[in-house]
file target16.cif (mmCIF, C-alpha atoms)
data_start
#
loop_
_atom_site.label_atom_id
_atom_site.label_comp_id
_atom_site.auth_asym_id
_atom_site.auth_seq_id
_atom_site.Cartn_x
_atom_site.Cartn_y
_atom_site.Cartn_z
CA MET A 1 26.74 5.95 -2.08
CA LYS A 2 27.90 2.33 -2.37
CA HIS A 3 30.47 2.57 0.41
CA LYS A 4 28.02 4.45 2.65
CA LEU A 5 25.49 1.65 2.17
CA LEU A 6 28.18 -0.90 3.01
CA LEU A 7 29.01 0.97 6.23
CA PHE A 8 25.31 1.02 7.16
CA LEU A 9 25.01 -2.75 6.63
CA GLN A 10 28.21 -3.43 8.57
CA ASN A 11 26.89 -1.42 11.49
CA GLU A 12 23.53 -3.23 11.46
CA ALA A 13 25.29 -6.61 11.43
CA GLY A 14 26.85 -5.66 14.76
CA THR A 15 23.67 -4.24 16.31
CA SER A 16 20.08 -4.97 15.19
CA LEU A 17 20.95 -8.29 13.49
CA VAL A 18 22.79 -9.77 16.50
CA PRO A 19 19.72 -11.68 17.83
CA CYS A 20 19.54 -13.72 14.58
CA SER A 21 20.93 -17.24 14.59
CA GLU A 22 24.69 -17.78 14.44
CA ASP A 23 24.44 -19.50 11.04
CA ALA A 24 22.45 -16.61 9.56
CA LEU A 25 24.90 -14.05 10.93
CA ASP A 26 27.91 -15.97 9.66
CA LEU A 27 26.40 -16.13 6.17
CA PHE A 28 25.51 -12.43 6.17
CA ASN A 29 28.93 -11.39 7.47
CA GLY A 30 30.60 -13.58 4.86
CA ALA A 31 28.55 -11.87 2.17
CA LEU A 32 29.59 -8.49 3.57
CA ILE A 33 33.26 -9.42 3.22
CA ASP A 34 32.76 -10.62 -0.36
CA VAL A 35 30.85 -7.49 -1.39
CA LYS A 36 33.47 -5.25 0.20
CA SER A 37 36.10 -7.03 -1.88
CA LEU A 38 34.03 -6.41 -5.01
CA LEU A 39 33.76 -2.71 -4.18
CA ASP A 40 37.48 -2.40 -3.41
CA ASP A 41 38.72 -4.42 -6.40
CA PRO A 42 35.90 -5.09 -8.89
CA LEU A 43 38.22 -6.47 -11.57
CA ASN A 44 39.86 -9.19 -9.49
CA ALA A 45 37.41 -10.04 -6.71
CA GLN A 46 35.14 -13.07 -7.15
CA GLN A 47 31.38 -12.69 -7.10
CA THR A 48 29.68 -15.20 -4.79
CA LYS A 49 26.08 -16.14 -4.07
CA LYS A 50 26.22 -15.54 -0.32
CA ALA A 51 24.09 -12.38 -0.40
CA SER A 52 21.42 -14.14 -2.47
CA LEU A 53 21.54 -17.19 -0.21
CA SER A 54 21.19 -15.01 2.89
CA PHE A 55 18.05 -13.42 1.42
CA GLU A 56 16.56 -16.75 0.29
CA ASN A 57 17.11 -18.42 3.67
CA THR A 58 15.59 -15.50 5.57
CA TYR A 59 12.64 -15.26 3.16
CA LYS A 60 11.82 -18.95 3.67
CA LEU A 61 12.02 -18.54 7.44
CA ILE A 62 9.78 -15.45 7.58
CA THR A 63 7.11 -16.74 5.20
CA GLY A 64 6.99 -20.05 7.07
CA ARG A 65 6.20 -18.42 10.41
CA SER A 66 3.07 -16.87 11.88
CA ALA A 67 2.55 -13.10 11.93
CA GLU A 68 2.73 -13.20 15.73
CA GLU A 69 6.14 -14.90 15.64
CA ASN A 70 7.46 -12.34 13.15
CA ASN A 71 6.11 -9.45 15.24
CA THR A 72 7.86 -10.69 18.37
CA GLU A 73 11.15 -11.25 16.55
CA PRO A 74 11.49 -8.23 14.19
CA PHE A 75 15.21 -8.82 13.75
CA TRP A 76 14.44 -11.45 11.08
CA ALA A 77 12.64 -8.75 9.06
CA TYR A 78 15.76 -6.60 9.40
CA MET A 79 17.83 -9.52 8.14
CA LEU A 80 15.53 -9.90 5.12
CA ILE A 81 15.77 -6.20 4.28
CA ASP A 82 19.53 -5.98 4.81
CA SER A 83 20.15 -9.12 2.76
CA ALA A 84 18.15 -7.60 -0.11
CA LEU A 85 20.18 -4.39 0.20
CA LEU A 86 23.41 -6.38 0.27
CA GLN A 87 22.37 -8.27 -2.85
CA ALA A 88 21.59 -4.94 -4.53
CA LEU A 89 24.98 -3.58 -3.47
CA GLU A 90 26.66 -6.64 -4.96
CA TYR A 91 24.79 -6.05 -8.23
CA MET A 92 25.89 -2.39 -8.26
CA ALA A 93 29.50 -3.36 -7.57
CA VAL A 94 29.62 -5.82 -10.49
CA ASN A 95 27.82 -3.23 -12.67
CA THR A 96 26.09 -5.71 -14.98
CA ASP A 97 22.96 -4.75 -16.89
CA ASP A 98 20.86 -7.79 -17.76
CA GLU A 99 17.81 -9.75 -16.64
CA LYS A 100 19.38 -10.33 -13.20
CA ILE A 101 18.28 -6.81 -12.40
CA LEU A 102 14.72 -8.11 -11.99
CA LEU A 103 15.71 -10.49 -9.20
CA VAL A 104 17.50 -7.70 -7.36
CA LEU A 105 14.64 -5.19 -7.70
CA ASN A 106 11.99 -7.79 -6.89
CA ASN A 107 13.84 -8.76 -3.72
CA LEU A 108 13.92 -5.10 -2.70
CA ASP A 109 10.13 -5.10 -3.20
CA TYR A 110 9.84 -8.21 -1.01
CA ALA A 111 11.93 -6.40 1.61
CA THR A 112 9.57 -3.42 1.48
CA ILE A 113 6.30 -5.36 1.48
CA ILE A 114 7.05 -8.49 3.51
CA GLY A 115 9.87 -7.05 5.62
CA GLY A 116 7.90 -3.88 6.31
CA ALA A 117 10.87 -1.61 5.68
CA TYR A 118 10.63 1.88 7.17
CA GLY A 119 12.87 4.68 8.37
CA GLU A 120 16.52 4.49 7.36
CA ARG A 121 16.16 1.05 5.79
CA LEU A 122 13.37 2.25 3.52
CA TRP A 123 15.47 5.28 2.59
CA TRP A 124 18.33 2.99 1.56
CA ILE A 125 15.94 0.86 -0.52
CA HIS A 126 14.88 4.04 -2.34
CA GLN A 127 18.51 4.95 -2.97
CA ALA A 128 19.34 1.47 -4.28
CA VAL A 129 16.29 1.30 -6.56
CA GLU A 130 16.94 4.76 -7.98
CA TYR A 131 20.62 3.97 -8.62
CA ILE A 132 19.93 0.61 -10.29
CA GLU A 133 17.01 1.80 -12.42
CA SER A 134 18.72 5.01 -13.55
CA SER A 135 21.88 3.18 -14.64
CA SER A 136 20.06 0.42 -16.55
CA LYS A 137 19.31 0.33 -20.26
CA TRP A 138 18.02 -3.25 -20.19
CA LEU A 139 14.91 -2.26 -18.21
CA TYR A 140 13.84 0.17 -20.91
CA ASN A 141 14.70 -1.77 -24.07
CA ASP A 142 11.14 -2.98 -24.74
CA ASN A 143 11.49 -5.91 -22.34
CA PHE A 144 8.00 -5.16 -21.02
CA ASN A 145 4.69 -4.61 -22.76
CA LYS A 146 3.73 -0.97 -22.95
CA LEU A 147 0.07 -0.23 -22.50
CA THR A 148 -1.69 0.70 -25.70
CA LYS A 149 -4.79 1.94 -23.91
CA THR A 150 -4.04 4.82 -21.60
CA HIS A 151 -6.88 6.94 -20.21
CA MET A 152 -9.63 4.98 -18.50
CA VAL A 153 -13.14 6.24 -19.30
CA CYS A 154 -15.24 6.59 -16.13
CA GLN A 155 -18.94 7.37 -16.32
CA LYS A 156 -20.43 9.40 -13.49
CA SER A 157 -22.90 7.65 -11.21
CA CYS A 158 -26.25 9.31 -10.52
CA LEU A 159 -27.11 7.63 -7.21
CA PRO A 160 -28.57 9.92 -4.51
CA CYS A 161 -26.28 11.13 -1.72
CA SER A 162 -27.36 11.23 1.94
CA VAL A 163 -23.92 12.14 3.27
CA GLN A 164 -23.44 15.79 4.26
CA THR A 165 -21.44 17.73 1.65
CA PHE A 166 -19.32 20.88 1.89
CA ASN A 167 -17.40 22.87 -0.70
CA ALA A 168 -13.67 23.12 -0.04
CA GLU A 169 -13.81 26.91 0.36
CA ASP A 170 -16.39 26.48 3.15
CA MET A 171 -14.33 23.98 5.18
CA ASP A 172 -11.14 25.49 6.59
CA VAL A 173 -8.90 23.57 8.97
CA LEU A 174 -10.32 25.19 12.12
CA ARG A 175 -13.90 24.30 11.16
CA PHE A 176 -12.81 20.77 10.25
CA GLN A 177 -11.20 20.33 13.67
CA GLN A 178 -14.36 21.55 15.40
CA VAL A 179 -16.62 19.26 13.36
CA ILE A 180 -14.63 16.08 14.09
CA ALA A 181 -13.53 16.93 17.66
CA ASP A 182 -15.96 14.55 19.36
CA ALA A 183 -15.57 11.11 17.74
CA GLU A 184 -18.86 9.91 19.23
CA LYS A 185 -20.80 12.76 17.62
CA ALA A 186 -18.85 13.03 14.37
CA HIS A 187 -20.49 11.92 11.12
CA PRO A 188 -19.10 11.24 7.64
CA PHE A 189 -19.03 14.17 5.24
CA ILE A 190 -17.61 15.02 1.82
CA ILE A 191 -15.45 18.04 1.01
CA LYS A 192 -16.01 18.71 -2.71
CA GLY A 193 -12.98 19.81 -4.70
CA ALA A 194 -10.61 19.46 -1.74
CA ILE A 195 -7.96 17.68 -3.81
CA SER A 196 -8.71 19.08 -7.28
CA HIS A 197 -5.32 20.81 -7.28
CA TRP A 198 -3.35 17.57 -6.88
CA PRO A 199 -1.09 16.70 -9.85
CA ALA A 200 -2.66 13.21 -9.73
CA LEU A 201 -5.87 14.80 -11.05
CA ASN A 202 -4.09 17.07 -13.54
CA ASP A 203 -0.74 16.81 -15.33
CA HIS A 204 0.12 13.47 -13.66
CA SER A 205 -3.34 11.98 -14.06
CA TRP A 206 -3.88 8.61 -12.37
CA SER A 207 -6.59 7.96 -14.94
CA ASP A 208 -3.71 7.50 -17.36
CA LEU A 209 -2.49 3.94 -16.83
CA ALA A 210 0.46 4.49 -19.15
CA TYR A 211 1.64 7.25 -16.81
CA LEU A 212 1.29 4.97 -13.78
CA GLN A 213 3.11 2.17 -15.59
CA GLU A 214 6.02 4.43 -16.46
CA THR A 215 6.23 6.08 -13.03
CA VAL A 216 5.94 2.94 -10.91
CA GLY A 217 7.64 0.55 -13.35
CA SER A 218 6.16 -2.55 -15.00
CA HIS A 219 8.72 -4.72 -13.21
CA ARG A 220 7.91 -3.64 -9.64
CA LEU A 221 6.01 -6.16 -7.52
CA VAL A 222 2.76 -5.14 -5.80
CA PRO A 223 0.26 -7.10 -3.65
CA VAL A 224 -2.95 -7.81 -5.55
CA GLU A 225 -6.19 -9.23 -4.16
CA LEU A 226 -7.74 -11.85 -6.43
CA GLY A 227 -11.42 -12.57 -5.92
CA THR A 228 -14.57 -10.56 -5.33
CA LYS A 229 -13.97 -9.70 -1.65
CA TYR A 230 -11.71 -10.80 1.19
CA THR A 231 -14.54 -12.56 3.04
CA ASP A 232 -14.99 -15.10 0.21
CA LYS A 233 -13.45 -18.56 0.55
CA ASP A 234 -11.80 -18.40 -2.87
CA TRP A 235 -10.24 -14.98 -2.18
CA THR A 236 -6.46 -14.88 -2.28
CA GLN A 237 -3.60 -12.43 -2.51
CA LYS A 238 -0.40 -12.56 -4.55
CA LEU A 239 2.52 -10.39 -5.54
CA MET A 240 2.61 -9.62 -9.25
CA PRO A 241 4.43 -7.18 -11.56
CA PHE A 242 2.67 -3.83 -11.63
CA GLY A 243 2.51 -3.85 -15.45
CA LYS A 244 0.70 -7.19 -15.45
CA PHE A 245 -1.73 -5.91 -12.83
CA LEU A 246 -2.57 -2.87 -14.98
CA GLU A 247 -3.15 -5.10 -18.02
CA GLN A 248 -5.56 -7.18 -15.95
CA THR A 249 -7.26 -4.01 -14.72
CA MET A 250 -8.03 -3.01 -18.31
CA SER A 251 -9.18 -6.47 -19.44
CA MET A 252 -11.01 -7.54 -16.27
CA ASN A 253 -14.43 -7.57 -17.92
CA GLU A 254 -13.17 -9.92 -20.63
CA ALA A 255 -11.11 -12.23 -18.41
CA GLY A 256 -13.56 -12.26 -15.49
CA VAL A 257 -10.72 -11.87 -12.98
CA CYS A 258 -11.07 -9.07 -10.45
CA GLY A 259 -7.63 -7.95 -9.33
CA TYR A 260 -7.47 -5.19 -6.73
CA MET A 261 -4.42 -3.45 -5.32
CA ALA A 262 -6.05 -2.58 -2.01
CA GLN A 263 -4.69 -0.77 1.05
CA HIS A 264 -1.09 -0.80 -0.14
CA ASN A 265 1.43 1.96 0.52
CA LEU A 266 2.58 2.11 -3.09
CA LEU A 267 4.36 5.36 -2.26
CA ASP A 268 6.93 3.42 -0.21
CA GLN A 269 7.94 1.67 -3.43
CA ALA A 270 7.23 4.21 -6.16
CA PHE A 271 8.46 7.26 -4.30
CA LYS A 272 8.08 9.45 -7.43
CA LEU A 273 4.31 9.22 -6.90
CA LYS A 274 4.69 11.31 -3.76
CA ASN A 275 5.00 14.30 -6.07
CA ASP A 276 1.46 13.64 -7.30
CA PHE A 277 -0.42 14.42 -4.09
CA ILE A 278 -0.27 16.60 -1.00
CA ILE A 279 -1.50 15.38 2.37
CA PRO A 280 -4.31 17.84 3.25
CA ASP A 281 -3.83 20.10 6.26
CA TYR A 282 -6.99 18.53 7.68
CA ALA A 283 -5.01 15.36 8.46
CA PHE A 284 -2.74 17.24 10.88
CA VAL A 285 -5.41 18.60 13.21
CA GLU A 286 -5.12 17.55 16.83
CA THR A 287 -7.86 15.11 17.80
CA GLY A 288 -6.41 13.67 21.00
CA ARG A 289 -6.98 10.16 19.65
CA ARG A 290 -4.06 9.45 17.29
CA LEU A 291 -3.58 5.68 17.32
CA VAL A 292 -1.89 5.03 13.97
CA PRO A 293 1.14 2.69 14.08
CA ASN A 294 4.40 4.66 14.11
CA ASP A 295 6.25 2.18 11.88
CA GLN A 296 3.77 2.85 9.06
CA THR A 297 4.04 6.62 9.14
CA ALA A 298 7.77 7.39 9.08
CA SER A 299 7.76 8.51 5.44
CA THR A 300 4.40 10.32 5.44
CA ASP A 301 4.53 12.82 8.32
CA GLY A 302 2.70 10.67 10.85
CA ILE A 303 -0.17 9.73 8.50
CA VAL A 304 -0.85 6.16 7.33
CA VAL A 305 -1.20 6.52 3.56
CA ASN A 306 -2.49 3.69 1.36
CA VAL A 307 -3.28 3.50 -2.35
CA TRP A 308 -6.26 1.63 -3.86
CA ILE A 309 -6.33 0.87 -7.61
CA GLY A 310 -8.66 -1.50 -9.41
CA PRO A 311 -11.29 -2.03 -12.10
CA GLN A 312 -15.03 -1.61 -11.93
CA GLY A 313 -16.67 -4.00 -9.49
CA THR A 314 -14.02 -4.21 -6.77
CA VAL A 315 -15.51 -4.51 -3.29
CA SER A 316 -14.46 -3.83 0.28
CA PRO A 317 -16.88 -5.74 2.57
CA LEU A 318 -18.70 -3.93 5.35
CA HIS A 319 -16.06 -3.18 8.01
CA PHE A 320 -14.73 -0.47 10.30
CA ASP A 321 -11.30 1.05 11.00
CA ASN A 322 -10.05 2.35 14.32
CA TYR A 323 -8.73 5.63 12.94
CA ASP A 324 -9.94 8.92 11.53
CA ASN A 325 -9.89 8.49 7.75
CA LEU A 326 -9.63 10.98 4.91
CA PHE A 327 -10.48 9.09 1.72
CA ALA A 328 -9.36 10.92 -1.44
CA GLN A 329 -10.96 9.92 -4.73
CA VAL A 330 -8.37 10.49 -7.45
CA ALA A 331 -9.89 8.74 -10.49
CA GLY A 332 -13.23 7.10 -11.17
CA TYR A 333 -16.23 6.64 -8.89
CA LYS A 334 -16.82 4.67 -5.70
CA TYR A 335 -20.01 3.92 -3.82
CA PHE A 336 -20.01 4.04 0.01
CA CYS A 337 -22.66 2.79 2.40
CA LEU A 338 -21.88 3.82 5.98
CA TYR A 339 -23.25 2.85 9.40
CA SER A 340 -22.74 4.45 12.79
CA PRO A 341 -20.83 2.44 15.45
CA SER A 342 -24.10 2.31 17.39
CA GLU A 343 -25.50 0.03 14.65
CA ALA A 344 -22.87 -2.67 15.33
CA PRO A 345 -25.35 -5.08 17.05
CA ASN A 346 -27.41 -5.07 13.84
CA LEU A 347 -24.41 -5.66 11.57
CA TYR A 348 -23.32 -9.08 12.89
CA PRO A 349 -19.53 -8.62 13.26
CA TYR A 350 -17.31 -11.67 13.15
CA PRO A 351 -16.40 -12.88 16.67
CA PRO A 352 -13.76 -10.87 18.59
CA ASP A 353 -11.36 -13.84 18.57
CA SER A 354 -11.60 -14.29 14.77
CA HIS A 355 -9.13 -12.83 12.28
CA MET A 356 -11.81 -10.37 11.03
CA PRO A 357 -13.41 -8.87 14.18
CA ASN A 358 -13.84 -5.51 12.39
CA THR A 359 -15.84 -7.05 9.51
CA SER A 360 -19.54 -7.80 9.17
CA GLN A 361 -20.77 -11.29 8.28
CA VAL A 362 -23.53 -9.74 6.16
CA ASP A 363 -22.98 -9.89 2.40
CA MET A 364 -24.13 -6.41 1.41
CA GLU A 365 -24.80 -7.47 -2.17
CA SER A 366 -26.92 -10.46 -1.23
CA VAL A 367 -28.37 -9.86 2.24
CA ASP A 368 -29.80 -12.96 3.93
CA LEU A 369 -32.40 -11.55 6.34
CA ASN A 370 -33.36 -15.02 7.51
CA ARG A 371 -29.85 -15.47 8.84
CA TYR A 372 -29.30 -11.84 9.87
CA PRO A 373 -32.80 -10.47 10.65
CA CYS A 374 -31.66 -7.48 12.73
CA PHE A 375 -29.79 -6.08 9.74
CA ALA A 376 -33.15 -4.82 8.44
CA LYS A 377 -33.23 -2.39 11.36
CA ALA A 378 -29.80 -0.86 10.61
CA SER A 379 -29.83 2.76 9.43
CA SER A 380 -27.23 3.95 6.93
CA VAL A 381 -26.09 6.88 4.82
CA GLU A 382 -24.67 6.54 1.32
CA CYS A 383 -22.80 8.44 -1.34
CA VAL A 384 -20.72 8.13 -4.49
CA VAL A 385 -17.36 9.89 -4.37
CA GLU A 386 -15.93 11.33 -7.56
CA PRO A 387 -12.54 12.75 -8.60
CA GLY A 388 -11.62 15.68 -6.36
CA ASP A 389 -13.74 14.52 -3.41
CA LEU A 390 -12.38 14.03 0.09
CA LEU A 391 -14.60 11.81 2.26
CA TYR A 392 -14.11 11.98 6.02
CA ILE A 393 -14.96 8.76 7.89
CA PRO A 394 -14.90 8.91 11.72
CA PRO A 395 -13.26 6.11 13.74
CA LYS A 396 -15.26 2.85 13.94
CA TRP A 397 -17.85 3.91 11.39
CA TRP A 398 -18.77 0.85 9.33
CA HIS A 399 -18.45 1.22 5.57
CA PHE A 400 -19.09 -0.93 2.51
CA VAL A 401 -17.35 0.17 -0.70
CA ARG A 402 -17.85 -0.77 -4.34
CA SER A 403 -16.18 0.80 -7.38
CA HIS A 404 -18.54 1.91 -10.14
CA SER A 405 -15.70 2.28 -12.65
CA TYR A 406 -11.95 2.00 -12.85
CA SER A 407 -10.87 3.69 -9.64
CA ALA A 408 -7.77 5.11 -7.99
CA SER A 409 -7.97 6.35 -4.42
CA ILE A 410 -5.72 7.34 -1.52
CA SER A 411 -6.75 6.78 2.09
CA MET A 412 -5.11 8.70 4.94
CA TRP A 413 -5.49 7.45 8.51
CA PHE A 414 -4.63 9.98 11.18
#
call {"tool": "encode", "arguments": {"input": "target16.cif", "output": "structure tokens"}}
result
Amino acid sequence: MKHKLLLFLQNEAGTSLVPCSEDALDLFNGALIDVKSLLDDPLNAQQTKKASLSFENTYKLITGRSAEENNTEPFWAYMLIDSALLQALEYMAVNTDDEKILLVLNNLDYATIIGGAYGERLWWIHQAVEYIESSSKWLYNDNFNKLTKTHMVCQKSCLPCSVQTFNAEDMDVLRFQQVIADAEKAHPFIIKGAISHWPALNDHSWSDLAYLQETVGSHRLVPVELGTKYTDKDWTQKLMPFGKFLEQTMSMNEAGVCGYMAQHNLLDQAFKLKNDFIIPDYAFVETGRRLVPNDQTASTDGIVVNVWIGPQGTVSPLHFDNYDNLFAQVAGYKYFCLYSPSEAPNLYPYPPDSHMPNTSQVDMESVDLNRYPCFAKASSVECVVEPGDLLYIPPKWWHFVRSHSYSASISMWF
């Protein structure tokens, strides 16, 4: 495995990394030579810091640039990912087992999240993480707090539902395809019990935070939203260890901090979680309007899969998405208020040239009708999804979401 990874990195240095600067390439190639020496003669070769330096330099460059610059020059993302893999390969070659493992694994998380790893690079990250974690004793020698509270208690909400509801046995794939065929006429609906067979609702319950902690790993970094909602001025986002995030999730009411892991493909990091769910056959129907980005779907059969985990009170402001959405409620309860695309003039979207053109300026929890008078004319439907529910949301339907309890959900754009 180690030598195959080395060959992959050597090949990339001569192909996809070529557009990088000469200094960056020289440093990366020098690190390749050093790591090869470690693999060939681990007892006599000298360990250097070139792989770490290559990663650090590329990380500083990428995080100091605009998203547009990074999109037009993706080879720097490849350099970030490959430097993280090279650093991991160096760690495997030396075969140490100490706190340095955290730096190596965290940099692989940076490569996945910030570098946007997919395809063969993501596969190699999975291989490296699995090798390093499985051969380490240090990670599992009580170096991290283990959760004492496991199952989250979620009380059912009794709010009325005005969204059409079907039982799973009454909604086969053919009927689903017919119902959603015309995006302009399609409406949201719930399929009750559609995912009740998922392991995530049974033996591998995502209501059990201790299970999630063990499966994902306390040490793995995940992006967490801090603040009530992303439209607030004090809202921010940071990467934090998954174990710390879960501790905050349990103590949110006491600390007053609302941390939300929102719209994150956790499955690209914690690939063992893929055994906990099955993408429904509904997501593979032909609609003639598939617009999902290819680079986000390589590991999930053409479907954009994101995980949402957070405590009671997390909010997604009123917004729309461009894709068909199957929203699976795995644990807890979430409230949805949905508006047809035809209501957009009454919902006061942010300007098209803003960074939130798909989001309403209206604060759904404190509506200012003096400022947004037409909002009073907007017609909506609402529901509370519960474990086992699959909510279909047509493209460009506006939706406001609030969790009524601890909640774990999976969204699937198709």
call {"tool": "residues_around", "arguments": {"input": "target16.cif", "residues": "Asp170 (chain A)", "least_positions_apart": "3", "cutoff": "12 Å", "atoms": "only C-alpha atoms", "output": "list in words"}}
result
Thr165, Phe166, Asn167, Val173, Leu174, Arg175, Phe176, Ile190, Ile191, Lys192, Gly193 and Ala194 of chain A
call {"tool": "atom_distance", "arguments": {"input": "target16.cif", "atom1": "CA of Val305 (chain A)", "atom2": "CA of Trp413 (chain A)"}}
result
6.6 Å
call {"tool": "resolve_selection", "arguments": {"input": "target16.cif", "expression": "the PyMOL selection byres ((chain A and resi 377-391) around 7)", "output": "PDB file with C-alpha atoms, keeping the file's coordinate frame"}}
result
ATOM      1  CA  LEU A 159     -27.110   7.630  -7.210  1.00  0.00           C
ATOM      2  CA  PRO A 160     -28.570   9.920  -4.510  1.00  0.00           C
ATOM      3  CA  CYS A 161     -26.280  11.130  -1.720  1.00  0.00           C
ATOM      4  CA  SER A 162     -27.360  11.230   1.940  1.00  0.00           C
ATOM      5  CA  VAL A 163     -23.920  12.140   3.270  1.00  0.00           C
ATOM      6  CA  PHE A 189     -19.030  14.170   5.240  1.00  0.00           C
ATOM      7  CA  ILE A 190     -17.610  15.020   1.820  1.00  0.00           C
ATOM      8  CA  ILE A 191     -15.450  18.040   1.010  1.00  0.00           C
ATOM      9  CA  LYS A 192     -16.010  18.710  -2.710  1.00  0.00           C
ATOM     10  CA  GLY A 193     -12.980  19.810  -4.700  1.00  0.00           C
ATOM     11  CA  ALA A 194     -10.610  19.460  -1.740  1.00  0.00           C
ATOM     12  CA  ILE A 195      -7.960  17.680  -3.810  1.00  0.00           C
ATOM     13  CA  SER A 196      -8.710  19.080  -7.280  1.00  0.00           C
ATOM     14  CA  LEU A 326      -9.630  10.980   4.910  1.00  0.00           C
ATOM     15  CA  PHE A 327     -10.480   9.090   1.720  1.00  0.00           C
ATOM     16  CA  ALA A 328      -9.360  10.920  -1.440  1.00  0.00           C
ATOM     17  CA  GLN A 329     -10.960   9.920  -4.730  1.00  0.00           C
ATOM     18  CA  VAL A 330      -8.370  10.490  -7.450  1.00  0.00           C
ATOM     19  CA  ALA A 331      -9.890   8.740 -10.490  1.00  0.00           C
ATOM     20  CA  GLY A 332     -13.230   7.100 -11.170  1.00  0.00           C
ATOM     21  CA  TYR A 333     -16.230   6.640  -8.890  1.00  0.00           C
ATOM     22  CA  LYS A 334     -16.820   4.670  -5.700  1.00  0.00           C
ATOM     23  CA  TYR A 335     -20.010   3.920  -3.820  1.00  0.00           C
ATOM     24  CA  PHE A 336     -20.010   4.040   0.010  1.00  0.00           C
ATOM     25  CA  CYS A 337     -22.660   2.790   2.400  1.00  0.00           C
ATOM     26  CA  LEU A 338     -21.880   3.820   5.980  1.00  0.00           C
ATOM     27  CA  TYR A 339     -23.250   2.850   9.400  1.00  0.00           C
ATOM     28  CA  GLU A 343     -25.500   0.030  14.650  1.00  0.00           C
ATOM     29  CA  ASN A 346     -27.410  -5.070  13.840  1.00  0.00           C
ATOM     30  CA  CYS A 374     -31.660  -7.480  12.730  1.00  0.00           C
ATOM     31  CA  PHE A 375     -29.790  -6.080   9.740  1.00  0.00           C
ATOM     32  CA  ALA A 376     -33.150  -4.820   8.440  1.00  0.00           C
ATOM     33  CA  TYR A 392     -14.110  11.980   6.020  1.00  0.00           C
ATOM     34  CA  ILE A 393     -14.960   8.760   7.890  1.00  0.00           C
TER      35      ILE A 393
END
call {"tool": "resolve_selection", "arguments": {"input": "target16.cif", "expression": "the PyMOL selection byres ((chain A and resi 276) around 10)", "output": "compact mmCIF listing (two decimals) with C-alpha atoms, in the coordinates of the input"}}
result
# COMPACT_ATOMS: atom_id res chain seq x y z
CA HIS A 197 -5.32 20.81 -7.28
CA TRP A 198 -3.35 17.57 -6.88
CA PRO A 199 -1.09 16.70 -9.85
CA ALA A 200 -2.66 13.21 -9.73
CA LEU A 201 -5.87 14.80 -11.05
CA ASN A 202 -4.09 17.07 -13.54
CA ASP A 203 -0.74 16.81 -15.33
CA HIS A 204 0.12 13.47 -13.66
CA SER A 205 -3.34 11.98 -14.06
CA TRP A 206 -3.88 8.61 -12.37
CA PHE A 271 8.46 7.26 -4.30
CA LYS A 272 8.08 9.45 -7.43
CA LEU A 273 4.31 9.22 -6.90
CA LYS A 274 4.69 11.31 -3.76
CA ASN A 275 5.00 14.30 -6.07
CA PHE A 277 -0.42 14.42 -4.09
CA ILE A 278 -0.27 16.60 -1.00
call {"tool": "closest_residue", "arguments": {"input": "target16.cif", "among": "A:Thr96, A:Gly116, A:Asp109, A:Glu68", "to": "Ala84 (chain A)", "atoms": "all atoms listed in the file"}}
result
A:Asp109
call {"tool": "resolve_selection", "arguments": {"input": "target16.cif", "expression": "the PyMOL selection byres ((chain A and resi 265) around 9)", "output": "list in words"}}
result
Ile113, Gln263, His264, Leu266, Leu267, Asp268, Gln269, Gln296, Val304, Val305, Asn306, Val307 and Trp308 of chain A
call {"tool": "atom_distance", "arguments": {"input": "target16.cif", "atom1": "CA of Tyr91 (chain A)", "atom2": "CA of Gly64 (chain A)"}}
result
27.3 Å
call {"tool": "atom_distance", "arguments": {"input": "target16.cif", "atom1": "CA of Asp321 (chain A)", "atom2": "CA of Pro395 (chain A)"}}
result
6.1 Å
call {"tool": "residues_around", "arguments": {"input": "target16.cif", "residues": "region 30-35 of chain A", "least_positions_apart": "5", "cutoff": "6 Å", "atoms": "all atoms listed in the file", "output": "list in words"}}
result
Lys50, Ala51 and Glu90 of chain A
call {"tool": "residues_around", "arguments": {"input": "target16.cif", "residues": "Arg220 (chain A)", "least_positions_apart": "3", "cutoff": "9 Å", "atoms": "only C-alpha atoms", "output": "ChimeraX atom specification"}}
result
/A:102,105-106,109,216-217,240-243,269-270
call {"tool": "closest_residue", "arguments": {"input": "target16.cif", "among": "A:Val94, A:Val401, A:Met79, A:Leu103", "to": "Leu25 (chain A)", "atoms": "all atoms listed in the file"}}
result
A:Met79
call {"tool": "closest_residue", "arguments": {"input": "target16.cif", "among": "A:Gly259, A:Gly14, A:Pro341, A:Pro223", "to": "Lys185 (chain A)", "atoms": "all atoms listed in the file"}}
result
A:Pro341
call {"tool": "residues_around", "arguments": {"input": "target16.cif", "residues": "Gln361 (chain A)", "least_positions_apart": "3", "cutoff": "9 Å", "atoms": "only C-alpha atoms", "output": "list in words"}}
result
Thr231, Pro317, Leu318, Leu347, Tyr348, Pro349, Tyr350 and Tyr372 of chain A
call {"tool": "closest_residue", "arguments": {"input": "target16.cif", "among": "A:Leu89, A:Ala344, A:Val315, A:Leu6", "to": "Trp235 (chain A)", "atoms": "all atoms listed in the file"}}
result
A:Val315
call {"tool": "closest_residue", "arguments": {"input": "target16.cif", "among": "A:Leu221, A:Ala67, A:Ala93, A:Leu17", "to": "Gln46 (chain A)", "atoms": "all atoms listed in the file"}}
result
A:Ala93
call {"tool": "closest_residue", "arguments": {"input": "target16.cif", "among": "A:Leu39, A:Glu120, A:Glu286, A:Ser251", "to": "Gln177 (chain A)", "atoms": "only C-alpha atoms"}}
result
A:Glu286
call {"tool": "residues_around", "arguments": {"input": "target16.cif", "residues": "Leu27 (chain A)", "least_positions_apart": "5", "cutoff": "12 Å", "atoms": "all atoms listed in the file", "output": "PyMOL selection string"}}
result
chain A and resi 13+20-22+32-34+48-58+79+83+86
